[in-house]
Amino acid sequence: MVSAAAENDPVAVTGLSKRYGEHPVLTDLSLRVHRGEVFALLGPNGAGKTTTVEILTGVRRRSGGDVEVLGQDPARDPREWRARIGVVGQSTGAYPDLTVGEVVRQFAAMYPRPLPPTQVLDMVGLGAYEKKRTTELSGGQQRRLDVAVGVIGDPELIFLDEPTTGLDPVARREAWDLVRFFSARGRTTVLTTHYLDEAETLAARVGVIAGGRLVACAPPGELGGRATTSAAVSFRRSESLAGRELPELPRGAVLEPGPTGAGDLVTVLTSEPTRLVSLLASWAETELPELIVHRPTLEEIYLNLIDRHRQQPEENK
Ligand SMILES: Nc1ncnc2c1ncn2[C@@H]1O[C@H](COP(=O)(O)OP(=O)(O)OP(=O)(O)O)[C@@H](O)[C@H]1O
């Protein structure tokens, strides 16, 4: 029987752990992926992302905790369950002596309701390579074929482990379009990536794994308090503004120390950037030269989270 929670959340993980001998790789990891969302797992090399994906897809056994994927325990790996998920792992598949078209059609034949092979080949940018032997493909083209094979069964839930590593910028965008195509069909995607722009562009929520623990989980715009952290408002004092005192700043705003001569850059940290810009605009009565409102990027927030985790004493991790 499928629980009500699992009905809403295709992935439900509670207290997951994985050890190799005495070495813990995942510790007390809990997360849920909601139906229809793109969820990105981020984390440094060796953090445990692939291990998590492998446990969720039934490739690897867990040491402890509860895992439900589409309402089933992946460790039991039922056949009909496997047909409902699509997996693109990190390593590239080897299909000697077959053409691209043959590979995709062979995989399509394993599923009850596959997508049309030519449509999938077009989507991954291999439409013109249908008759080419797989051994003659470049690394990036082989990666595209992996993606095609992973999604040919029109899965309800797709796991993509670093799907765009090794792809050129155009191919990366095509892979993003593919993820959006499945999102528009109401499918759920879990992807791991080292590209912060990829996570920010595609994911409704991101989870950050460090040292085998989930250290943060939120929409990309809110991760690590990103939505509420101070913004830095900066502009350059033109000659006409050089001799004038700044207006009274909003409460809590801090003027960054810096040189005060003509043409200097003025930077103010504030939690109310809109109000500050409005005050400055009235004060200046002219365009503020080089005006920038800077909020921390996802990359800055991510690096900060990883750094904080590194500096924590072992017993508090
Ligand atoms: N078969 C294994 N035996 C022992 N340790 C392993 C095994 N497979 C993985 N590990 C260890 O588990 C940890 C997590 O590895 P994992 O591949 O899940 O990390 P990852 O976050 O996917 O890293 P990357 O970004 O480099 O792909 C690493 O320390 C790795 O050395």
# chains A, B, ... in the order shown; residues from 1 in each chain; ligands from 1

$ residues_near_ligand --ligand "ligand 1" --cutoff "7 Å" --atoms "only C-alpha atoms and all ligand atoms" --output "PDB file with N, CA and C atoms, in the first residue's frame"
ATOM      1  N   TYR A  20      30.947   2.376   4.594  1.00  0.00           N
ATOM      2  CA  TYR A  20      31.808   1.358   3.992  1.00  0.00           C
ATOM      3  C   TYR A  20      32.739   0.909   5.096  1.00  0.00           C
ATOM      4  N   VAL A  25      29.717   7.350   5.058  1.00  0.00           N
ATOM      5  CA  VAL A  25      29.655   8.141   3.828  1.00  0.00           C
ATOM      6  C   VAL A  25      28.395   9.013   3.822  1.00  0.00           C
ATOM      7  N   GLY A  43      27.077  19.610  -3.840  1.00  0.00           N
ATOM      8  CA  GLY A  43      28.032  19.226  -2.798  1.00  0.00           C
ATOM      9  C   GLY A  43      29.399  19.010  -3.396  1.00  0.00           C
ATOM     10  N   PRO A  44      30.457  19.163  -2.588  1.00  0.00           N
ATOM     11  CA  PRO A  44      31.812  18.978  -3.110  1.00  0.00           C
ATOM     12  C   PRO A  44      32.072  17.531  -3.546  1.00  0.00           C
ATOM     13  N   ASN A  45      33.170  17.317  -4.242  1.00  0.00           N
ATOM     14  CA  ASN A  45      33.567  15.952  -4.627  1.00  0.00           C
ATOM     15  C   ASN A  45      33.630  15.079  -3.388  1.00  0.00           C
ATOM     16  N   GLY A  46      33.041  13.899  -3.489  1.00  0.00           N
ATOM     17  CA  GLY A  46      33.108  12.950  -2.373  1.00  0.00           C
ATOM     18  C   GLY A  46      32.097  13.212  -1.268  1.00  0.00           C
ATOM     19  N   ALA A  47      31.179  14.174  -1.476  1.00  0.00           N
ATOM     20  CA  ALA A  47      30.222  14.536  -0.419  1.00  0.00           C
ATOM     21  C   ALA A  47      29.192  13.436  -0.170  1.00  0.00           C
ATOM     22  N   GLY A  48      28.879  12.664  -1.209  1.00  0.00           N
ATOM     23  CA  GLY A  48      27.896  11.595  -1.045  1.00  0.00           C
ATOM     24  C   GLY A  48      26.698  11.711  -1.979  1.00  0.00           C
ATOM     25  N   LYS A  49      26.781  12.557  -2.999  1.00  0.00           N
ATOM     26  CA  LYS A  49      25.653  12.757  -3.916  1.00  0.00           C
ATOM     27  C   LYS A  49      25.362  11.494  -4.727  1.00  0.00           C
ATOM     28  N   THR A  50      26.405  10.945  -5.348  1.00  0.00           N
ATOM     29  CA  THR A  50      26.207   9.748  -6.175  1.00  0.00           C
ATOM     30  C   THR A  50      25.742   8.582  -5.318  1.00  0.00           C
ATOM     31  N   THR A  51      26.316   8.459  -4.136  1.00  0.00           N
ATOM     32  CA  THR A  51      25.906   7.381  -3.233  1.00  0.00           C
ATOM     33  C   THR A  51      24.403   7.502  -2.938  1.00  0.00           C
ATOM     34  N   THR A  52      23.954   8.733  -2.687  1.00  0.00           N
ATOM     35  CA  THR A  52      22.527   8.948  -2.425  1.00  0.00           C
ATOM     36  C   THR A  52      21.693   8.524  -3.630  1.00  0.00           C
TER      37      THR A  52
END

$ residues_around --residues "Arg35 of chain A" --least-positions-apart "2" --cutoff "10 Å" --atoms "only C-alpha atoms" --output "PyMOL selection string"
chain A and resi 6-11+32-33+37-38+70+156-157+183+186-189

$ atom_distance --atom1 "atom CA of Pro296 of chain A" --atom2 "atom CA of Arg226 of chain A"
6.7 Å

$ select_by_dssp --residues "segment 4-170 of chain A" --states "strand (DSSP E)" --output "VMD selection string"
chain A and resid 11 to 20 23 to 33 38 to 42 64 to 69 85 to 88 157 to 161

$ write_last_selection --atoms "C-alpha atoms" --output "compact mmCIF listing (two decimals), in the first residue's frame"
# COMPACT_ATOMS: atom_id res chain seq x y z
CA VAL A 11 11.18 10.56 -2.97
CA ALA A 12 10.98 10.33 0.82
CA VAL A 13 14.20 9.70 2.74
CA THR A 14 14.43 9.58 6.55
CA GLY A 15 17.60 9.08 8.57
CA LEU A 16 19.52 7.52 5.67
CA SER A 17 22.99 6.24 6.48
CA LYS A 18 25.66 4.46 4.48
CA ARG A 19 28.97 3.11 5.74
CA TYR A 20 31.81 1.36 3.99
CA HIS A 23 33.86 4.77 7.22
CA PRO A 24 30.56 6.73 7.23
CA VAL A 25 29.65 8.14 3.83
CA LEU A 26 26.07 9.28 4.56
CA THR A 27 24.83 10.21 8.03
CA ASP A 28 21.21 10.77 9.10
CA LEU A 29 20.19 12.21 5.76
CA SER A 30 16.52 13.14 5.42
CA LEU A 31 14.89 14.79 2.44
CA ARG A 32 11.73 14.80 0.36
CA VAL A 33 11.34 15.56 -3.29
CA VAL A 38 13.24 19.61 -10.18
CA PHE A 39 15.43 18.98 -7.14
CA ALA A 40 19.18 19.59 -7.38
CA LEU A 41 21.73 17.94 -5.09
CA LEU A 42 24.88 20.01 -4.70
CA GLY A 64 20.23 2.34 7.74
CA GLY A 65 17.21 4.63 7.52
CA ASP A 66 13.99 4.59 5.52
CA VAL A 67 13.76 5.23 1.80
CA GLU A 68 10.65 5.31 -0.37
CA VAL A 69 10.86 6.05 -4.07
CA ILE A 85 12.20 5.60 -13.15
CA GLY A 86 14.86 6.87 -15.52
CA VAL A 87 18.52 6.95 -14.55
CA VAL A 88 21.46 8.72 -16.15
CA LEU A 157 10.89 10.16 -11.93
CA ILE A 158 14.26 10.92 -13.50
CA PHE A 159 17.65 10.79 -11.79
CA LEU A 160 20.40 12.68 -13.59
CA ASP A 161 23.86 12.36 -12.04

$ residues_around --residues "segment 232-240 of chain A" --least-positions-apart "5" --cutoff "10 Å" --atoms "only C-alpha atoms" --output "ChimeraX atom specification"
/A:253-256,260-274,276-277,280,284,286-296

$ residues_around --residues "Thr164 of chain A" --least-positions-apart "3" --cutoff "9 Å" --atoms "only C-alpha atoms" --output "list in words"
Gly140, Arg143, Arg144, Asp161, Leu167, Asp168, Ala171, Arg172, Ala175, Trp176, Thr193 and Tyr195 of chain A

$ closest_residue --among "A:Ala94, A:Ala75, A:Leu178, A:Ala210" --to "Gly139 of chain A" --atoms "only C-alpha atoms"
A:Ala94

$ atom_distance --atom1 "atom CA of Gly93 of chain A" --atom2 "atom CA of Glu198 of chain A"
23.4 Å

$ atom_distance --atom1 "atom CA of Leu305 of chain A" --atom2 "atom CA of Leu223 of chain A"
9.3 Å

$ select_by_dssp --residues "segment 35-118 of chain A" --states "alpha helix (DSSP H)" --output "NGL selection string"
:A and (49-56 or 79-82 or 100-108 or 117-118)

$ write_last_selection --atoms "C-alpha atoms" --output "mmCIF file, in the first residue's frame"
data_model
loop_
_atom_site.group_PDB
_atom_site.id
_atom_site.type_symbol
_atom_site.label_atom_id
_atom_site.label_comp_id
_atom_site.auth_asym_id
_atom_site.auth_seq_id
_atom_site.Cartn_x
_atom_site.Cartn_y
_atom_site.Cartn_z
ATOM 1 C CA LYS A 49 25.653 12.757 -3.916
ATOM 2 C CA THR A 50 26.207 9.748 -6.175
ATOM 3 C CA THR A 51 25.906 7.381 -3.233
ATOM 4 C CA THR A 52 22.527 8.948 -2.425
ATOM 5 C CA VAL A 53 21.341 8.656 -6.029
ATOM 6 C CA GLU A 54 22.572 5.061 -6.220
ATOM 7 C CA ILE A 55 20.656 4.145 -3.070
ATOM 8 C CA LEU A 56 17.515 5.862 -4.377
ATOM 9 C CA ARG A 79 10.611 -4.824 -11.960
ATOM 10 C CA GLU A 80 7.558 -2.650 -12.669
ATOM 11 C CA TRP A 81 8.960 0.031 -10.327
ATOM 12 C CA ARG A 82 12.221 0.142 -12.282
ATOM 13 C CA VAL A 100 22.806 5.385 -32.073
ATOM 14 C CA GLY A 101 19.326 4.615 -33.467
ATOM 15 C CA GLU A 102 19.651 0.895 -32.663
ATOM 16 C CA VAL A 103 20.674 1.592 -29.069
ATOM 17 C CA VAL A 104 17.773 3.933 -28.422
ATOM 18 C CA ARG A 105 15.240 1.606 -30.094
ATOM 19 C CA GLN A 106 16.509 -1.387 -28.103
ATOM 20 C CA PHE A 107 16.033 0.495 -24.857
ATOM 21 C CA ALA A 108 12.636 1.799 -25.980
ATOM 22 C CA PRO A 117 13.075 7.372 -30.373
ATOM 23 C CA THR A 118 13.468 10.024 -33.086
#

$ residues_around --residues "Leu279 of chain A" --least-positions-apart "3" --cutoff "9 Å" --atoms "only C-alpha atoms" --output "JSON, numbers by chain"
{"A": [247, 248, 249, 250, 274, 275, 276, 282, 283, 284]}

$ closest_residue --among "A:Val179, A:Ala184, A:Glu136, A:Gly221" --to "Leu202 of chain A" --atoms "only C-alpha atoms"
A:Val179

$ residues_around --residues "Ile301 of chain A" --least-positions-apart "3" --cutoff "12 Å" --atoms "only C-alpha atoms" --output "ChimeraX atom specification"
/A:196,208,216,218,220-227,229,295-298,304-308

$ closest_residue --among "A:Arg310, A:Thr135, A:Cys217, A:Arg76" --to "Arg62 of chain A" --atoms "only C-alpha atoms"
A:Arg76
